[in-house]
$ cat upload09.cif   # mmCIF, C-alpha atoms and all ligand atoms
data_upload
loop_
_atom_site.label_atom_id
_atom_site.label_comp_id
_atom_site.auth_asym_id
_atom_site.auth_seq_id
_atom_site.Cartn_x
_atom_site.Cartn_y
_atom_site.Cartn_z
CA MET A 21 72.92 -14.11 -119.45
CA ALA A 22 75.55 -11.41 -119.00
CA ARG A 23 76.73 -10.76 -115.45
CA CYS A 24 79.26 -8.44 -113.89
CA ALA A 25 82.48 -9.96 -112.60
CA GLY A 26 81.92 -11.58 -109.24
CA GLU A 27 78.15 -11.35 -109.47
CA ARG A 28 76.31 -14.63 -109.06
CA ALA A 29 72.88 -15.56 -110.24
CA PRO A 30 70.63 -17.72 -108.10
CA ALA A 31 70.75 -21.33 -109.28
CA SER A 32 67.48 -23.15 -109.54
CA ALA A 33 69.67 -26.22 -109.18
CA GLY A 34 69.46 -25.55 -105.47
CA GLU A 35 66.21 -27.48 -105.53
CA VAL A 36 67.86 -30.65 -106.75
CA GLU A 37 68.15 -33.43 -104.19
CA GLN A 38 71.35 -35.48 -104.47
CA PRO A 39 70.90 -39.25 -104.69
CA GLU A 40 72.19 -41.56 -102.01
CA ALA A 41 75.13 -43.64 -103.22
CA SER A 42 77.02 -46.15 -101.09
CA GLY A 43 77.07 -43.90 -98.05
CA VAL A 44 78.81 -41.07 -99.87
CA ALA A 45 75.84 -38.98 -100.91
CA ALA A 46 76.65 -35.36 -101.58
CA ARG A 47 76.00 -33.19 -98.58
CA GLY A 48 73.56 -30.36 -98.93
CA ARG A 49 72.58 -28.64 -102.11
CA TYR A 50 74.24 -26.13 -104.31
CA THR A 51 72.66 -22.77 -103.84
CA GLN A 52 74.82 -20.50 -106.00
CA ALA A 53 75.48 -20.41 -109.70
CA MET A 54 79.04 -21.31 -110.59
CA ARG A 55 81.29 -20.26 -113.46
CA ILE A 56 82.39 -23.49 -115.08
CA ALA A 57 84.73 -24.20 -118.01
CA ILE A 58 84.07 -27.29 -120.11
CA GLY A 59 86.03 -28.90 -122.91
CA SER A 60 86.05 -32.13 -124.86
CA ASP A 61 87.49 -33.84 -127.89
CA HIS A 62 85.29 -35.25 -130.66
CA ALA A 63 84.61 -38.41 -128.63
CA GLY A 64 83.18 -36.34 -125.78
CA TYR A 65 81.30 -33.75 -127.82
CA GLY A 66 77.84 -35.31 -127.45
CA LEU A 67 78.01 -35.59 -123.67
CA LYS A 68 79.55 -32.11 -123.47
CA SER A 69 76.51 -30.70 -125.24
CA ASP A 70 74.20 -32.49 -122.78
CA VAL A 71 76.17 -31.26 -119.77
CA ILE A 72 76.17 -27.68 -121.04
CA GLU A 73 72.40 -27.77 -121.53
CA HIS A 74 71.95 -29.24 -118.05
CA LEU A 75 74.14 -26.64 -116.37
CA THR A 76 72.83 -23.58 -118.20
CA SER A 77 69.23 -24.64 -117.58
CA HIS A 78 70.07 -24.56 -113.87
CA GLY A 79 71.55 -21.05 -113.99
CA HIS A 80 75.26 -21.81 -114.19
CA ASP A 81 77.65 -19.70 -116.25
CA VAL A 82 79.34 -22.15 -118.64
CA VAL A 83 82.42 -21.32 -120.69
CA ASP A 84 82.59 -23.75 -123.62
CA LEU A 85 86.20 -24.19 -124.72
CA GLY A 86 85.38 -26.63 -127.54
CA THR A 87 85.60 -28.78 -129.49
CA ASN A 88 82.61 -28.00 -131.65
CA SER A 89 81.90 -31.23 -133.51
CA ALA A 90 81.77 -34.98 -133.06
CA GLU A 91 82.70 -35.43 -136.71
CA VAL A 92 86.09 -33.75 -136.84
CA SER A 93 88.87 -35.64 -135.05
CA VAL A 94 90.87 -33.43 -132.69
CA ASP A 95 93.51 -33.99 -130.00
CA TYR A 96 92.27 -34.15 -126.41
CA PRO A 97 95.40 -32.54 -124.86
CA ASP A 98 94.47 -29.19 -126.41
CA PHE A 99 91.13 -29.16 -124.63
CA GLY A 100 92.32 -30.61 -121.34
CA ALA A 101 95.01 -27.94 -121.20
CA ALA A 102 92.54 -25.17 -122.05
CA VAL A 103 90.19 -26.20 -119.24
CA GLY A 104 93.14 -26.62 -116.86
CA ARG A 105 94.42 -23.13 -117.63
CA ALA A 106 90.97 -21.62 -117.10
CA VAL A 107 90.87 -23.18 -113.63
CA SER A 108 94.49 -22.41 -112.78
CA SER A 109 94.11 -18.74 -113.74
CA GLY A 110 91.04 -18.36 -111.55
CA ASP A 111 88.82 -17.43 -114.49
CA VAL A 112 86.46 -20.24 -113.52
CA GLU A 113 85.66 -22.06 -110.28
CA LEU A 114 85.49 -25.52 -111.78
CA GLY A 115 86.50 -27.39 -114.92
CA LEU A 116 84.78 -30.28 -116.65
CA CYS A 117 86.51 -32.39 -119.31
CA ILE A 118 85.17 -35.15 -121.52
CA CYS A 119 86.87 -37.49 -123.97
CA GLY A 120 86.22 -41.12 -124.89
CA THR A 121 87.34 -42.52 -121.57
CA GLY A 122 88.07 -39.37 -119.56
CA ILE A 123 91.61 -40.59 -119.11
CA GLY A 124 93.60 -38.81 -121.79
CA ILE A 125 92.02 -35.42 -121.20
CA SER A 126 92.54 -35.74 -117.43
CA VAL A 127 96.23 -36.55 -117.92
CA ALA A 128 96.57 -33.40 -120.03
CA ALA A 129 94.67 -31.17 -117.59
CA ASN A 130 96.82 -32.44 -114.73
CA LYS A 131 99.94 -31.02 -116.42
CA VAL A 132 98.73 -27.50 -115.61
CA ASP A 133 99.97 -26.22 -112.24
CA GLY A 134 97.24 -26.03 -109.63
CA VAL A 135 95.00 -28.51 -111.39
CA ARG A 136 93.68 -31.60 -109.64
CA ALA A 137 91.84 -33.46 -112.38
CA ALA A 138 89.97 -36.65 -111.54
CA VAL A 139 88.17 -39.11 -113.78
CA VAL A 140 84.82 -40.02 -112.24
CA HIS A 141 82.35 -42.73 -113.21
CA ASP A 142 79.31 -42.12 -111.01
CA VAL A 143 77.99 -40.15 -108.04
CA THR A 144 80.21 -42.06 -105.60
CA THR A 145 83.48 -41.25 -107.35
CA ALA A 146 82.31 -37.69 -108.02
CA VAL A 147 81.58 -37.06 -104.35
CA LEU A 148 84.87 -38.57 -103.18
CA ALA A 149 86.89 -36.72 -105.81
CA ARG A 150 85.63 -33.46 -104.33
CA ARG A 151 85.46 -34.44 -100.68
CA HIS A 152 88.87 -36.13 -100.42
CA ASN A 153 90.87 -34.98 -103.43
CA ALA A 154 89.62 -31.40 -103.83
CA ALA A 155 89.27 -32.08 -107.54
CA ASN A 156 88.94 -28.79 -109.41
CA VAL A 157 88.68 -30.44 -112.84
CA VAL A 158 86.32 -33.39 -113.17
CA CYS A 159 86.56 -35.66 -116.20
CA PHE A 160 84.15 -38.09 -117.85
CA GLY A 161 84.35 -40.68 -120.59
CA GLU A 162 81.44 -40.49 -122.99
CA ARG A 163 82.16 -44.00 -124.23
CA VAL A 164 82.06 -45.51 -120.74
CA ILE A 165 79.30 -43.67 -118.86
CA GLY A 166 75.56 -43.27 -119.35
CA ARG A 167 74.16 -39.81 -119.93
CA GLN A 168 71.99 -39.70 -116.79
CA VAL A 169 74.74 -41.17 -114.63
CA ALA A 170 77.04 -38.42 -115.90
CA LEU A 171 74.51 -35.66 -115.21
CA ASP A 172 73.88 -37.00 -111.69
CA ALA A 173 77.64 -37.06 -111.13
CA VAL A 174 77.93 -33.44 -112.33
CA ASP A 175 75.24 -32.43 -109.83
CA ALA A 176 77.10 -34.31 -107.10
CA VAL A 177 80.34 -32.49 -107.96
CA LEU A 178 78.62 -29.13 -107.62
CA ALA A 179 76.98 -30.09 -104.33
CA THR A 180 80.09 -31.42 -102.62
CA GLU A 181 82.78 -29.45 -100.80
CA PHE A 182 86.32 -30.44 -99.86
CA GLU A 183 86.40 -31.99 -96.42
CA GLY A 184 89.79 -30.60 -95.39
CA GLY A 185 91.31 -32.06 -92.22
CA ARG A 186 93.68 -34.93 -92.93
CA HIS A 187 93.01 -34.53 -96.65
CA GLN A 188 94.48 -31.02 -96.69
CA ARG A 189 97.95 -32.37 -95.84
CA ARG A 190 97.77 -34.73 -98.80
CA ILE A 191 96.63 -31.96 -101.13
CA ASP A 192 99.58 -29.88 -99.93
CA GLU A 193 101.91 -32.79 -100.74
CA ILE A 194 100.49 -32.97 -104.26
CA THR A 195 100.95 -29.22 -104.71
CA ALA A 196 104.58 -29.51 -103.53
CA LEU A 197 105.27 -31.96 -106.36
CA GLU A 198 104.77 -29.11 -108.82
CA ALA A 199 107.90 -27.40 -107.51
CA ASN A 200 110.01 -30.32 -108.77
CA ARG A 201 108.83 -30.21 -112.37
C1 LIG B 1 89.82 -40.62 -129.11
O1 LIG B 1 89.63 -41.63 -130.04
C2 LIG B 1 90.15 -41.21 -127.74
O2 LIG B 1 91.39 -41.82 -127.76
C3 LIG B 1 90.06 -40.16 -126.67
O3 LIG B 1 88.81 -39.57 -126.69
C4 LIG B 1 90.26 -40.62 -125.23
O4 LIG B 1 89.48 -41.74 -124.97
C5 LIG B 1 91.65 -40.75 -124.78
O5 LIG B 1 91.93 -40.97 -123.60
#
$ encode --input "upload09.cif" --output "structure tokens" --more "lines below"
Ligand code: RB5
Amino acid sequence: MARCAGERAPASAGEVEQPEASGVAARGRYTQAMRIAIGSDHAGYGLKSDVIEHLTSHGHDVVDLGTNSAEVSVDYPDFGAAVGRAVSSGDVELGLCICGTGIGISVAANKVDGVRAAVVHDVTTAVLARRHNAANVVCFGERVIGRQVALDAVDAVLATEFEGGRHQRRIDEITALEANR
């Protein structure tokens, strides 16, 4: 659905309750649609398709940066960098990346200034990546995570805000490392 810049659609996802997980359940619910970039290599294409369907069905504005097939082998750095640049430029509020393990594509995304990419494996790591690490790119491994676990983790990412406080100082230290590149 086309929208003007800055305009947000209501997200029906606001009705989704977040599951409890080891005392780190996501706080609250997400009540606004987000603009989200997503990218994968061939090994993450299937889960990417599932995540896109999940997000769009809940009213989010998803920018699919490829790849477009599970059959054609491609290089994950291209897609991690594309998602990282979309986040760094401010074109999107959040990035999602998927490869076989989530590792390679997260390493690539993290080379873009301003990106804090984190590989997550479940709701617990998703919540903590947002709450403590202010992750703005969240990465998954299609070969190492179940589909429903991944979708629950995506919901947890969207529902969780950065906690700030003592964590802000650490985020500032990470940002300062970019000046020495
Ligand atoms: C592709 O075979 C695989 O190496 C890639 O998807 C990813 O797992 C790398 O980290």
$ residues_around --input "upload09.cif" --residues "Met54 (chain A)" --least-positions-apart "2" --cutoff "8 Å" --atoms "all atoms listed in the file" --output "list in words"
Arg28, Gln52, Ile56, His80, Asp81, Glu113 and Leu114 of chain A
$ closest_atom_pairs --input "upload09.cif" --of "chain A" --to "ligand LIG 1 (chain B)" --cutoff "10 Å" --atoms "only C-alpha atoms and all ligand atoms" --output "tab-separated table"
residue	atom	partner	partner_atom	distance
A:Ser60	CA	B:LIG1	O3	8.1
A:Asp61	CA	B:LIG1	O3	6.0
A:His62	CA	B:LIG1	O3	6.8
A:Ala63	CA	B:LIG1	O3	4.8
A:Gly64	CA	B:LIG1	O3	6.6
A:Tyr65	CA	B:LIG1	O3	9.6
A:Ser93	CA	B:LIG1	C1	7.8
A:Val94	CA	B:LIG1	C1	8.1
A:Asp95	CA	B:LIG1	C1	7.6
A:Tyr96	CA	B:LIG1	C3	6.4
A:Pro97	CA	B:LIG1	C5	9.0
A:Ile118	CA	B:LIG1	O3	7.7
A:Cys119	CA	B:LIG1	O3	3.9
A:Gly120	CA	B:LIG1	O4	3.3
A:Thr121	CA	B:LIG1	O4	4.1
A:Gly122	CA	B:LIG1	O5	5.8
A:Ile123	CA	B:LIG1	O5	4.5
A:Gly124	CA	B:LIG1	O5	3.3
A:Ile125	CA	B:LIG1	O5	6.0
A:Ser126	CA	B:LIG1	O5	8.1
A:Val127	CA	B:LIG1	O5	8.4
A:Ala128	CA	B:LIG1	O5	9.6
A:Phe160	CA	B:LIG1	O4	9.6
A:Gly161	CA	B:LIG1	O4	6.8
A:Glu162	CA	B:LIG1	O3	8.3
A:Arg163	CA	B:LIG1	O4	7.7
A:Val164	CA	B:LIG1	O4	9.3
$ closest_residue --input "upload09.cif" --among "A:Ile194, A:Ala146, A:Val92, A:Leu85" --to "Ala106 (chain A)" --atoms "only C-alpha atoms"
A:Leu85
$ closest_residue --input "upload09.cif" --among "A:Gly79, A:Gly59, A:Gly66, A:Gly86" --to "Gly104 (chain A)" --atoms "all atoms listed in the file"
A:Gly59
$ atom_distance --input "upload09.cif" --atom1 "CA of Glu183 (chain A)" --atom2 "CA of Arg151 (chain A)"
5.0 Å
$ residues_around --input "upload09.cif" --residues "Gln188 (chain A)" --least-positions-apart "6" --cutoff "12 Å" --atoms "only C-alpha atoms" --output "ChimeraX atom specification"
/A:150-154,182,194-195
$ write_last_selection --input "upload09.cif" --atoms "C-alpha atoms" --output "PDB file, keeping the file's coordinate frame"
ATOM      1  CA  ARG A 150      85.630 -33.460-104.330  1.00  0.00           C
ATOM      2  CA  ARG A 151      85.460 -34.440-100.680  1.00  0.00           C
ATOM      3  CA  HIS A 152      88.870 -36.130-100.420  1.00  0.00           C
ATOM      4  CA  ASN A 153      90.870 -34.980-103.430  1.00  0.00           C
ATOM      5  CA  ALA A 154      89.620 -31.400-103.830  1.00  0.00           C
ATOM      6  CA  PHE A 182      86.320 -30.440 -99.860  1.00  0.00           C
ATOM      7  CA  ILE A 194     100.490 -32.970-104.260  1.00  0.00           C
ATOM      8  CA  THR A 195     100.950 -29.220-104.710  1.00  0.00           C
TER       9      THR A 195
END
$ residues_around --input "upload09.cif" --residues "Asn156 (chain A)" --least-positions-apart "2" --cutoff "10 Å" --atoms "only C-alpha atoms" --output "list in words"
Gly104, Val107, Ser108, Val112, Glu113, Leu114, Gly115, Leu116, Gly134, Val135, Arg136, Ala137, Ala138, Ala149, Arg150, Asn153, Ala154, Val158, Cys159 and Val177 of chain A
$ closest_residue --input "upload09.cif" --among "A:Asn88, A:Ala155, A:Asp111, A:Ala173" --to "His141 (chain A)" --atoms "all atoms listed in the file"
A:Ala173
$ closest_residue --input "upload09.cif" --among "A:Val140, A:Leu148, A:Val103, A:Asp133" --to "Asn200 (chain A)" --atoms "all atoms listed in the file"
A:Asp133
$ closest_residue --input "upload09.cif" --among "A:Ser89, A:Ala57, A:Leu67, A:Asp142" --to "Ser109 (chain A)" --atoms "only C-alpha atoms"
A:Ala57
$ closest_residue --input "upload09.cif" --among "A:Arg167, A:Leu197, A:Gly100, A:Thr144" --to "Thr180 (chain A)" --atoms "all atoms listed in the file"
A:Thr144
$ residues_around --input "upload09.cif" --residues "Asp70 (chain A)" --least-positions-apart "6" --cutoff "10 Å" --atoms "all atoms listed in the file" --output "list in words"
Arg167, Gln168, Ala170 and Leu171 of chain A
$ atom_distance --input "upload09.cif" --atom1 "CA of Gly185 (chain A)" --atom2 "CA of Gly110 (chain A)"
23.7 Å
$ atom_distance --input "upload09.cif" --atom1 "CA of Ile58 (chain A)" --atom2 "CA of Cys117 (chain A)"
5.7 Å
